[in-house]
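Data block for start14.txt (compact mmCIF, N, CA and C atoms):
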# COMPACT_ATOMS: atom_id res chain seq x y z
N MET A 806 0.84 -1.17 0.00
CA MET A 806 0.00 0.00 0.00
C MET A 806 0.89 1.24 0.00
N GLU A 807 0.61 2.15 -0.88
CA GLU A 807 1.39 3.38 -0.99
C GLU A 807 0.56 4.55 -0.47
N LEU A 808 1.20 5.35 0.43
CA LEU A 808 0.51 6.52 0.96
C LEU A 808 0.64 7.66 -0.03
N ARG A 809 -0.40 8.29 -0.30
CA ARG A 809 -0.36 9.45 -1.21
C ARG A 809 0.05 10.68 -0.42
N HIS A 810 -0.79 11.47 0.05
CA HIS A 810 -0.50 12.64 0.85
C HIS A 810 -1.63 12.74 1.87
N SER A 811 -1.29 12.48 3.09
CA SER A 811 -2.35 12.49 4.10
C SER A 811 -1.82 13.08 5.39
N SER A 812 -2.70 13.29 6.28
CA SER A 812 -2.35 13.82 7.57
C SER A 812 -2.72 12.79 8.62
N ILE A 813 -1.73 12.42 9.44
CA ILE A 813 -1.96 11.43 10.47
C ILE A 813 -1.98 12.16 11.81
N PRO A 814 -3.07 12.08 12.56
CA PRO A 814 -3.11 12.80 13.83
C PRO A 814 -2.11 12.22 14.82
N SER A 815 -1.55 13.08 15.67
CA SER A 815 -0.65 12.60 16.70
C SER A 815 -1.44 11.90 17.77
N LEU A 816 -0.74 11.26 18.67
CA LEU A 816 -1.40 10.49 19.71
C LEU A 816 -2.28 11.36 20.60
N GLN A 817 -1.91 12.59 20.81
CA GLN A 817 -2.69 13.45 21.70
C GLN A 817 -3.62 14.38 20.92
N GLY A 818 -3.62 14.29 19.63
CA GLY A 818 -4.55 15.05 18.83
C GLY A 818 -4.24 16.54 18.71
N ARG A 819 -3.11 16.98 19.19
CA ARG A 819 -2.78 18.40 19.12
C ARG A 819 -2.03 18.75 17.85
N GLU A 820 -1.28 17.84 17.29
CA GLU A 820 -0.47 18.11 16.11
C GLU A 820 -0.78 17.05 15.07
N SER A 821 -0.34 17.27 13.86
CA SER A 821 -0.47 16.24 12.85
C SER A 821 0.85 16.11 12.11
N ILE A 822 1.09 14.94 11.55
CA ILE A 822 2.31 14.64 10.80
C ILE A 822 1.92 14.49 9.35
N VAL A 823 2.65 15.14 8.46
CA VAL A 823 2.38 15.04 7.03
C VAL A 823 3.29 13.97 6.45
N VAL A 824 2.69 13.03 5.72
CA VAL A 824 3.44 11.94 5.11
C VAL A 824 3.42 12.13 3.61
N SER A 825 4.56 11.99 2.96
CA SER A 825 4.67 12.18 1.52
C SER A 825 4.77 10.83 0.84
N SER A 826 4.42 10.75 -0.43
CA SER A 826 4.46 9.50 -1.15
C SER A 826 5.80 9.27 -1.86
N SER A 827 6.73 10.16 -1.73
CA SER A 827 8.02 10.03 -2.39
C SER A 827 8.77 8.80 -1.89
N ARG A 828 9.34 8.01 -2.84
CA ARG A 828 10.10 6.82 -2.46
C ARG A 828 11.43 7.21 -1.81
N PHE A 829 12.01 8.29 -2.23
CA PHE A 829 13.30 8.74 -1.71
C PHE A 829 13.10 10.04 -0.94
N ALA A 830 12.49 9.94 0.18
CA ALA A 830 12.20 11.13 0.99
C ALA A 830 13.50 11.76 1.49
N GLU A 831 13.54 13.07 1.51
CA GLU A 831 14.71 13.78 2.04
C GLU A 831 14.75 13.60 3.55
N PRO A 832 15.97 13.59 4.11
CA PRO A 832 16.06 13.48 5.56
C PRO A 832 15.44 14.71 6.22
N ALA A 833 14.94 14.51 7.42
CA ALA A 833 14.33 15.61 8.16
C ALA A 833 15.38 16.69 8.41
N ARG A 834 15.01 17.92 8.25
CA ARG A 834 15.91 19.03 8.48
C ARG A 834 15.63 19.61 9.85
N PRO A 835 16.69 19.94 10.58
CA PRO A 835 16.45 20.50 11.92
C PRO A 835 15.78 21.87 11.81
N THR A 836 14.91 22.14 12.75
CA THR A 836 14.22 23.43 12.75
C THR A 836 14.90 24.42 13.68
N HIS A 837 16.01 24.04 14.27
CA HIS A 837 16.75 24.92 15.17
C HIS A 837 18.14 25.18 14.60
N SER A 838 18.78 26.22 15.07
CA SER A 838 20.13 26.52 14.60
C SER A 838 21.12 25.56 15.27
N PRO A 839 22.25 25.33 14.63
CA PRO A 839 23.24 24.41 15.22
C PRO A 839 23.78 24.97 16.52
N PRO A 840 24.21 24.09 17.41
CA PRO A 840 24.74 24.59 18.69
C PRO A 840 26.03 25.36 18.49
N PRO A 841 26.33 26.30 19.38
CA PRO A 841 27.58 27.05 19.26
C PRO A 841 28.77 26.13 19.49
N PRO A 842 29.95 26.52 18.99
CA PRO A 842 31.13 25.70 19.22
C PRO A 842 31.37 25.55 20.73
N PRO A 843 32.04 24.48 21.13
CA PRO A 843 32.25 24.27 22.55
C PRO A 843 33.13 25.35 23.19
N GLN A 844 32.85 25.63 24.43
CA GLN A 844 33.60 26.60 25.22
C GLN A 844 34.58 25.80 26.07
N GLY A 845 35.79 26.31 26.22
CA GLY A 845 36.75 25.59 27.02
C GLY A 845 37.91 26.45 27.46
N LYS A 846 38.82 25.83 28.19
CA LYS A 846 39.97 26.56 28.73
C LYS A 846 41.23 25.74 28.47
N TYR A 847 42.30 26.44 28.10
CA TYR A 847 43.62 25.84 27.97
C TYR A 847 44.56 26.64 28.86
N ALA A 848 45.41 25.95 29.61
CA ALA A 848 46.44 26.61 30.40
C ALA A 848 47.71 25.79 30.29
N SER A 849 48.83 26.47 30.06
CA SER A 849 50.12 25.76 29.99
C SER A 849 50.49 25.26 31.39
N ALA A 850 51.37 24.29 31.44
CA ALA A 850 51.76 23.68 32.71
C ALA A 850 52.38 24.71 33.66
N ASP A 851 53.12 25.67 33.11
CA ASP A 851 53.76 26.68 33.97
C ASP A 851 52.83 27.85 34.30
N GLY A 852 51.62 27.86 33.72
CA GLY A 852 50.66 28.93 34.00
C GLY A 852 50.91 30.22 33.26
N GLY A 853 51.90 30.26 32.39
CA GLY A 853 52.25 31.48 31.68
C GLY A 853 51.37 31.77 30.48
N THR A 854 50.66 30.77 29.98
CA THR A 854 49.80 30.94 28.81
C THR A 854 48.42 30.39 29.13
N GLU A 855 47.38 31.16 28.78
CA GLU A 855 46.01 30.72 29.06
C GLU A 855 45.09 31.21 27.97
N TYR A 856 44.15 30.35 27.58
CA TYR A 856 43.08 30.72 26.65
C TYR A 856 41.76 30.23 27.22
N VAL A 857 40.78 31.12 27.24
CA VAL A 857 39.43 30.76 27.66
C VAL A 857 38.50 31.25 26.57
N GLY A 858 37.74 30.33 25.95
CA GLY A 858 36.84 30.75 24.89
C GLY A 858 36.35 29.60 24.05
N ARG A 859 35.91 29.92 22.86
CA ARG A 859 35.31 28.96 21.93
C ARG A 859 36.40 28.22 21.15
N TRP A 860 36.09 26.97 20.82
CA TRP A 860 36.99 26.10 20.05
C TRP A 860 36.21 25.48 18.91
N LYS A 861 36.91 25.19 17.81
CA LYS A 861 36.32 24.46 16.69
C LYS A 861 37.43 23.63 16.08
N ASN A 862 37.25 22.34 16.01
CA ASN A 862 38.27 21.42 15.48
C ASN A 862 39.62 21.61 16.18
N GLU A 863 39.57 21.78 17.49
CA GLU A 863 40.75 21.94 18.33
C GLU A 863 41.53 23.23 18.06
N LEU A 864 40.90 24.21 17.42
CA LEU A 864 41.51 25.51 17.16
C LEU A 864 40.66 26.59 17.83
N ARG A 865 41.29 27.68 18.24
CA ARG A 865 40.53 28.80 18.78
C ARG A 865 39.66 29.36 17.67
N ASP A 866 38.35 29.47 17.94
CA ASP A 866 37.41 29.90 16.91
C ASP A 866 36.16 30.45 17.58
N GLY A 867 35.86 31.74 17.36
CA GLY A 867 34.76 32.39 18.06
C GLY A 867 35.34 33.38 19.06
N HIS A 868 34.56 33.75 20.04
CA HIS A 868 35.03 34.73 21.03
C HIS A 868 35.89 34.05 22.09
N GLY A 869 37.01 34.70 22.45
CA GLY A 869 37.86 34.15 23.49
C GLY A 869 38.90 35.14 23.98
N THR A 870 39.55 34.79 25.08
CA THR A 870 40.59 35.61 25.68
C THR A 870 41.87 34.80 25.79
N PHE A 871 42.96 35.35 25.25
CA PHE A 871 44.27 34.70 25.29
C PHE A 871 45.20 35.59 26.08
N HIS A 872 45.92 35.00 27.05
CA HIS A 872 46.84 35.78 27.87
C HIS A 872 48.17 35.07 27.94
N GLN A 873 49.22 35.77 27.57
CA GLN A 873 50.56 35.25 27.70
C GLN A 873 51.31 36.20 28.64
N THR A 874 51.57 35.73 29.86
CA THR A 874 52.15 36.56 30.92
C THR A 874 53.38 37.31 30.44
N GLY A 875 53.38 38.63 30.68
CA GLY A 875 54.51 39.48 30.33
C GLY A 875 54.54 39.93 28.89
N LEU A 876 53.72 39.33 28.03
CA LEU A 876 53.73 39.71 26.61
C LEU A 876 52.47 40.47 26.20
N TYR A 877 51.32 39.81 26.27
CA TYR A 877 50.08 40.47 25.88
C TYR A 877 48.86 39.70 26.32
N LYS A 878 47.72 40.42 26.26
CA LYS A 878 46.42 39.82 26.52
C LYS A 878 45.50 40.28 25.40
N TYR A 879 44.87 39.32 24.71
CA TYR A 879 43.95 39.61 23.61
C TYR A 879 42.56 39.12 23.99
N MET A 880 41.58 40.00 23.82
CA MET A 880 40.18 39.66 24.07
C MET A 880 39.39 39.98 22.81
N GLY A 881 38.83 38.96 22.18
CA GLY A 881 38.07 39.22 20.96
C GLY A 881 37.79 37.98 20.16
N GLU A 882 37.61 38.19 18.87
CA GLU A 882 37.21 37.12 17.95
C GLU A 882 38.42 36.37 17.39
N TRP A 883 38.21 35.07 17.18
CA TRP A 883 39.22 34.18 16.61
C TRP A 883 38.62 33.44 15.44
N LYS A 884 39.45 33.09 14.47
CA LYS A 884 39.02 32.25 13.35
C LYS A 884 40.19 31.35 12.98
N GLU A 885 39.97 30.05 13.09
CA GLU A 885 40.99 29.05 12.75
C GLU A 885 42.33 29.35 13.42
N ASP A 886 42.29 29.66 14.71
CA ASP A 886 43.45 29.86 15.57
C ASP A 886 44.18 31.19 15.34
N MET A 887 43.54 32.12 14.63
CA MET A 887 44.14 33.44 14.40
C MET A 887 43.18 34.52 14.89
N ARG A 888 43.74 35.64 15.36
CA ARG A 888 42.91 36.77 15.72
C ARG A 888 42.27 37.28 14.43
N HIS A 889 40.93 37.32 14.43
CA HIS A 889 40.22 37.65 13.20
C HIS A 889 38.83 38.18 13.59
N GLY A 890 38.54 39.42 13.19
CA GLY A 890 37.28 40.06 13.58
C GLY A 890 37.59 41.24 14.48
N ARG A 891 36.75 41.46 15.44
CA ARG A 891 36.93 42.59 16.36
C ARG A 891 37.63 42.11 17.63
N GLY A 892 38.63 42.91 18.10
CA GLY A 892 39.32 42.52 19.31
C GLY A 892 40.20 43.61 19.87
N LYS A 893 40.62 43.40 21.11
CA LYS A 893 41.48 44.36 21.80
C LYS A 893 42.69 43.61 22.33
N CYS A 894 43.88 44.17 22.08
CA CYS A 894 45.12 43.56 22.54
C CYS A 894 45.89 44.58 23.37
N VAL A 895 46.20 44.19 24.60
CA VAL A 895 46.99 45.04 25.49
C VAL A 895 48.34 44.37 25.64
N TYR A 896 49.38 45.06 25.20
CA TYR A 896 50.73 44.51 25.23
C TYR A 896 51.39 44.82 26.57
N GLY A 897 52.30 43.96 27.02
CA GLY A 897 52.94 44.07 28.32
C GLY A 897 53.68 45.36 28.58
N VAL A 898 54.08 46.06 27.53
CA VAL A 898 54.84 47.30 27.70
C VAL A 898 53.94 48.54 27.72
N GLY A 899 52.62 48.33 27.79
CA GLY A 899 51.70 49.45 27.89
C GLY A 899 51.10 49.91 26.57
N LEU A 900 51.38 49.24 25.48
CA LEU A 900 50.78 49.57 24.19
C LEU A 900 49.43 48.88 24.08
N GLU A 901 48.55 49.45 23.25
CA GLU A 901 47.21 48.87 23.13
C GLU A 901 46.68 49.06 21.72
N TYR A 902 46.05 48.02 21.17
CA TYR A 902 45.34 48.12 19.89
C TYR A 902 43.93 47.62 20.11
N ASP A 903 42.95 48.41 19.69
CA ASP A 903 41.54 48.04 19.82
C ASP A 903 40.90 48.27 18.46
N GLY A 904 40.53 47.19 17.78
CA GLY A 904 39.95 47.36 16.46
C GLY A 904 39.77 46.06 15.72
N GLU A 905 39.86 46.15 14.41
CA GLU A 905 39.61 45.01 13.53
C GLU A 905 40.91 44.27 13.23
N TRP A 906 40.78 42.94 13.16
CA TRP A 906 41.90 42.04 12.88
C TRP A 906 41.54 41.18 11.67
N GLN A 907 42.57 40.80 10.93
CA GLN A 907 42.38 39.86 9.84
C GLN A 907 43.63 38.98 9.76
N ASN A 908 43.44 37.69 9.84
CA ASN A 908 44.54 36.72 9.77
C ASN A 908 45.70 37.08 10.71
N ASP A 909 45.36 37.44 11.94
CA ASP A 909 46.32 37.66 13.02
C ASP A 909 47.06 38.99 12.96
N VAL A 910 46.63 39.94 12.12
CA VAL A 910 47.27 41.27 12.07
C VAL A 910 46.20 42.36 12.15
N HIS A 911 46.65 43.59 12.55
CA HIS A 911 45.75 44.75 12.56
C HIS A 911 45.34 45.01 11.12
N HIS A 912 44.04 45.05 10.86
CA HIS A 912 43.58 45.24 9.49
C HIS A 912 42.14 45.76 9.54
N GLY A 913 41.93 46.98 9.05
CA GLY A 913 40.62 47.62 9.11
C GLY A 913 40.71 48.83 10.02
N PHE A 914 39.60 49.22 10.61
CA PHE A 914 39.60 50.39 11.49
C PHE A 914 40.04 50.00 12.89
N GLY A 915 40.90 50.84 13.50
CA GLY A 915 41.35 50.56 14.85
C GLY A 915 41.94 51.76 15.55
N LYS A 916 42.20 51.57 16.85
CA LYS A 916 42.82 52.60 17.68
C LYS A 916 44.11 52.04 18.26
N TRP A 917 45.22 52.74 18.05
CA TRP A 917 46.53 52.33 18.54
C TRP A 917 46.96 53.37 19.57
N THR A 918 47.29 52.92 20.77
CA THR A 918 47.67 53.84 21.84
C THR A 918 49.01 53.43 22.43
N THR A 919 49.92 54.41 22.54
CA THR A 919 51.21 54.19 23.22
C THR A 919 51.27 55.19 24.37
N HIS A 920 52.41 55.22 25.07
CA HIS A 920 52.59 56.19 26.15
C HIS A 920 52.61 57.61 25.62
N GLU A 921 53.03 57.79 24.37
CA GLU A 921 53.25 59.12 23.83
C GLU A 921 52.27 59.55 22.74
N GLU A 922 51.55 58.63 22.15
CA GLU A 922 50.66 59.01 21.06
C GLU A 922 49.44 58.11 20.97
N LYS A 923 48.46 58.62 20.23
CA LYS A 923 47.26 57.85 19.93
C LYS A 923 46.98 57.98 18.44
N TYR A 924 46.59 56.89 17.83
CA TYR A 924 46.21 56.92 16.41
C TYR A 924 44.87 56.22 16.29
N GLU A 925 43.96 56.82 15.54
CA GLU A 925 42.66 56.23 15.27
C GLU A 925 42.42 56.33 13.79
N GLY A 926 42.30 55.19 13.13
CA GLY A 926 42.11 55.22 11.68
C GLY A 926 42.28 53.85 11.07
N ALA A 927 42.63 53.85 9.80
CA ALA A 927 42.73 52.60 9.03
C ALA A 927 44.08 51.92 9.24
N PHE A 928 44.04 50.59 9.21
CA PHE A 928 45.24 49.76 9.25
C PHE A 928 45.16 48.79 8.08
N LEU A 929 46.30 48.51 7.48
CA LEU A 929 46.39 47.55 6.39
C LEU A 929 47.60 46.67 6.66
N ASP A 930 47.39 45.37 6.84
CA ASP A 930 48.47 44.41 7.10
C ASP A 930 49.41 44.87 8.22
N ASN A 931 48.84 45.26 9.35
CA ASN A 931 49.58 45.61 10.56
C ASN A 931 50.21 47.00 10.54
N ALA A 932 49.95 47.81 9.52
CA ALA A 932 50.54 49.15 9.44
C ALA A 932 49.44 50.19 9.30
N ARG A 933 49.73 51.40 9.78
CA ARG A 933 48.80 52.50 9.59
C ARG A 933 48.63 52.72 8.09
N HIS A 934 47.40 53.05 7.70
CA HIS A 934 47.11 53.18 6.27
C HIS A 934 46.30 54.45 6.06
N GLY A 935 46.71 55.26 5.10
CA GLY A 935 46.00 56.50 4.82
C GLY A 935 46.80 57.69 5.31
N GLN A 936 46.18 58.85 5.26
CA GLN A 936 46.86 60.08 5.65
C GLN A 936 47.05 60.12 7.16
N VAL A 937 48.28 60.36 7.58
CA VAL A 937 48.62 60.46 8.99
C VAL A 937 49.41 61.73 9.18
N CYS A 938 49.03 62.54 10.15
CA CYS A 938 49.80 63.76 10.42
C CYS A 938 49.87 63.98 11.93
N PRO A 939 51.00 64.51 12.43
CA PRO A 939 51.08 64.78 13.87
C PRO A 939 50.22 66.00 14.21
N CYS A 940 49.57 65.94 15.34
CA CYS A 940 48.76 67.08 15.78
C CYS A 940 48.58 67.01 17.29
N ALA A 941 48.16 68.10 17.88
CA ALA A 941 47.93 68.13 19.32
C ALA A 941 46.44 68.11 19.59
N GLY A 942 46.06 67.75 20.79
CA GLY A 942 44.64 67.78 21.16
C GLY A 942 44.09 66.38 21.33
N THR A 943 42.82 66.23 21.04
CA THR A 943 42.15 64.95 21.25
C THR A 943 42.38 64.03 20.06
N THR A 944 42.09 62.77 20.25
CA THR A 944 42.24 61.79 19.18
C THR A 944 41.31 62.14 18.03
N THR A 945 41.86 62.11 16.84
CA THR A 945 41.09 62.41 15.64
C THR A 945 41.28 61.27 14.66
N ARG A 946 40.24 60.92 13.96
CA ARG A 946 40.35 59.82 13.00
C ARG A 946 41.42 60.13 11.96
N GLY A 947 42.26 59.12 11.70
CA GLY A 947 43.28 59.26 10.69
C GLY A 947 44.44 60.16 11.09
N ARG A 948 44.58 60.46 12.37
CA ARG A 948 45.65 61.35 12.83
C ARG A 948 46.33 60.76 14.04
N VAL A 949 47.55 61.15 14.23
CA VAL A 949 48.31 60.77 15.40
C VAL A 949 48.20 61.91 16.39
N VAL A 950 48.03 61.59 17.66
CA VAL A 950 47.93 62.61 18.69
C VAL A 950 49.08 62.41 19.64
N GLY A 951 49.87 63.44 19.87
CA GLY A 951 50.99 63.33 20.81
C GLY A 951 52.16 64.17 20.35
N THR A 952 53.29 63.98 21.04
CA THR A 952 54.45 64.79 20.74
C THR A 952 55.49 64.08 19.89
N SER A 953 55.38 62.75 19.73
CA SER A 953 56.41 62.09 18.94
C SER A 953 56.17 62.28 17.46
N PRO A 954 57.25 62.40 16.70
CA PRO A 954 57.11 62.56 15.25
C PRO A 954 56.60 61.29 14.60
N VAL A 955 55.91 61.45 13.49
CA VAL A 955 55.40 60.29 12.74
C VAL A 955 56.54 59.71 11.93
N SER A 956 56.75 58.42 12.05
CA SER A 956 57.83 57.80 11.28
C SER A 956 57.29 57.13 10.05

Let me see whether you can do it: turn the structure in this file into structure tokens.
Amino acid sequence: MELRHSSIPSLQGRESIVVSSSRFAEPARPTHSPPPPPQGKYASADGGTEYVGRWKNELRDGHGTFHQTGLYKYMGEWKEDMRHGRGKCVYGVGLEYDGEWQNDVHHGFGKWTTHEEKYEGAFLDNARHGQVCPCAGTTTRGRVVGTSPVS
């Protein structure tokens, strides 16, 4: 007996199931979004390196925080074990970058702050990109603020 197209009531009568007559029915598709990648923590044996965040295929992927004592702390997005997306990195010597990353380098719009200057603007492959000029006062897009000369 072949079923054409009918509705079979559920056991409690609240829902119904639609049955198709196709011989090669497609597998049921989930009606929910896939679960997020697993969250976890990695710490080196000496405690000098730590990562807390999302993982995918044993690589950092998604939002996470990486801290390497004395060097830097990065809080932001990861893709295939590289800083990628939006993130903030505070370096051990007091330097800071807050902005966009691509393939583990500053790339896109960001803010670079040192003890002597501030820069807010475009970055391309880890370097400032676009017009840069020294000036005094508050941080301005595409300008360096401070007393050190632009190199």

- Item | Test item: residues at most 8 Å from Asn908 of chain A, all atoms listed in the file, excluding those fewer than 3 positions along its chain, as a count of residues only | 9

- Find the distance between atom CA of Trp917 of chain A and atom C of Gly845 of chain A and write it in Å to one decimal.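 So the answer is 28.7 Å.
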
- Message: What's around segment 878-880 of chain A at 6.5 Å? Count all atoms listed in the file, leave out sequence neighbours fewer than 2 positions away in its own chain, and write the answer as an MDAnalysis selection string.
- Response: chainID A and resid 869:873 876 882 891:897

Any chance you can output those residues with N, CA and C atoms as a PDB file, in the coordinates of the input?
ATOM      1  N   GLY A 869      37.010  34.700  22.450  1.00  0.00           N
ATOM      2  CA  GLY A 869      37.860  34.150  23.490  1.00  0.00           C
ATOM      3  C   GLY A 869      38.900  35.140  23.980  1.00  0.00           C
ATOM      4  N   THR A 870      39.550  34.790  25.080  1.00  0.00           N
ATOM      5  CA  THR A 870      40.590  35.610  25.680  1.00  0.00           C
ATOM      6  C   THR A 870      41.870  34.800  25.790  1.00  0.00           C
ATOM      7  N   PHE A 871      42.960  35.350  25.250  1.00  0.00           N
ATOM      8  CA  PHE A 871      44.270  34.700  25.290  1.00  0.00           C
ATOM      9  C   PHE A 871      45.200  35.590  26.080  1.00  0.00           C
ATOM     10  N   HIS A 872      45.920  35.000  27.050  1.00  0.00           N
ATOM     11  CA  HIS A 872      46.840  35.780  27.870  1.00  0.00           C
ATOM     12  C   HIS A 872      48.170  35.070  27.940  1.00  0.00           C
ATOM     13  N   GLN A 873      49.220  35.770  27.570  1.00  0.00           N
ATOM     14  CA  GLN A 873      50.560  35.250  27.700  1.00  0.00           C
ATOM     15  C   GLN A 873      51.310  36.200  28.640  1.00  0.00           C
ATOM     16  N   LEU A 876      53.720  39.330  28.030  1.00  0.00           N
ATOM     17  CA  LEU A 876      53.730  39.710  26.610  1.00  0.00           C
ATOM     18  C   LEU A 876      52.470  40.470  26.200  1.00  0.00           C
ATOM     19  N   GLU A 882      37.610  38.190  18.870  1.00  0.00           N
ATOM     20  CA  GLU A 882      37.210  37.120  17.950  1.00  0.00           C
ATOM     21  C   GLU A 882      38.420  36.370  17.390  1.00  0.00           C
ATOM     22  N   ARG A 891      36.750  41.460  15.440  1.00  0.00           N
ATOM     23  CA  ARG A 891      36.930  42.590  16.360  1.00  0.00           C
ATOM     24  C   ARG A 891      37.630  42.110  17.630  1.00  0.00           C
ATOM     25  N   GLY A 892      38.630  42.910  18.100  1.00  0.00           N
ATOM     26  CA  GLY A 892      39.320  42.520  19.310  1.00  0.00           C
ATOM     27  C   GLY A 892      40.200  43.610  19.870  1.00  0.00           C
ATOM     28  N   LYS A 893      40.620  43.400  21.110  1.00  0.00           N
ATOM     29  CA  LYS A 893      41.480  44.360  21.800  1.00  0.00           C
ATOM     30  C   LYS A 893      42.690  43.610  22.330  1.00  0.00           C
ATOM     31  N   CYS A 894      43.880  44.170  22.080  1.00  0.00           N
ATOM     32  CA  CYS A 894      45.120  43.560  22.540  1.00  0.00           C
ATOM     33  C   CYS A 894      45.890  44.580  23.370  1.00  0.00           C
ATOM     34  N   VAL A 895      46.200  44.190  24.600  1.00  0.00           N
ATOM     35  CA  VAL A 895      46.990  45.040  25.490  1.00  0.00           C
ATOM     36  C   VAL A 895      48.340  44.370  25.640  1.00  0.00           C
ATOM     37  N   TYR A 896      49.380  45.060  25.200  1.00  0.00           N
ATOM     38  CA  TYR A 896      50.730  44.510  25.230  1.00  0.00           C
ATOM     39  C   TYR A 896      51.390  44.820  26.570  1.00  0.00           C
ATOM     40  N   GLY A 897      52.300  43.960  27.020  1.00  0.00           N
ATOM     41  CA  GLY A 897      52.940  44.070  28.320  1.00  0.00           C
ATOM     42  C   GLY A 897      53.680  45.360  28.580  1.00  0.00           C
TER      43      GLY A 897
END

- Task: Please measure the separation of atom CA of Gly881 of chain A and atom CA of Glu921 of chain A, giving the value in Å to one decimal.
- Result: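 Value for the atom CA of Gly881 of chain A-atom CA of Glu921 of chain A distance: 25.2 Å.
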
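What separates atom CA of Gly913 of chain A from atom CA of Gly899 of chain A is a distance of 21.9 Å.
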
- Task: Excluding Thr918 of chain A and residues on its chain fewer than 4 positions from it, collect all residues at most 9 Å away from it, counting only C-alpha atoms, and give them as a list in words.
- Result: Gly899, Leu900, Glu901, Tyr902, Asp903, Glu922, Lys923, Tyr924 and Glu925 of chain A

- Task: Tell me which of A:Thr874, A:Lys916, A:Trp906, A:Pro843 sits closest to Glu855 of chain A, counting all atoms listed in the file.
- Result: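 Of all the options, A:Thr874 lies closest to Glu855 of chain A.
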
- Message: Using all atoms listed in the file for the distances, tell me which of A:Asp851, A:Asp909, A:His868, A:Asn862 is nearest to Asp930 of chain A.
- Response: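 Smallest distance to Asp930 of chain A is found for A:Asp909.
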
- Looking at only C-alpha atoms, which of A:Gly858, A:His920, A:Gly926, A:Ala932 is the one that sits closest to Gly904 of chain A?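 Of A:Gly858, A:His920, A:Gly926, A:Ala932, the one nearest Gly904 of chain A is A:Gly926, counting only C-alpha atoms.
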
With 3 Å on each side, where is the centre of the axis-aligned box around all listed atoms of segment 900-907 of chain A, and how long are its edges in Å to one decimal, as JSON?
{"center_x": 45.5, "center_y": 44.3, "center_z": 17.6, "size_x": 17.8, "size_y": 16.6, "size_z": 21.7}
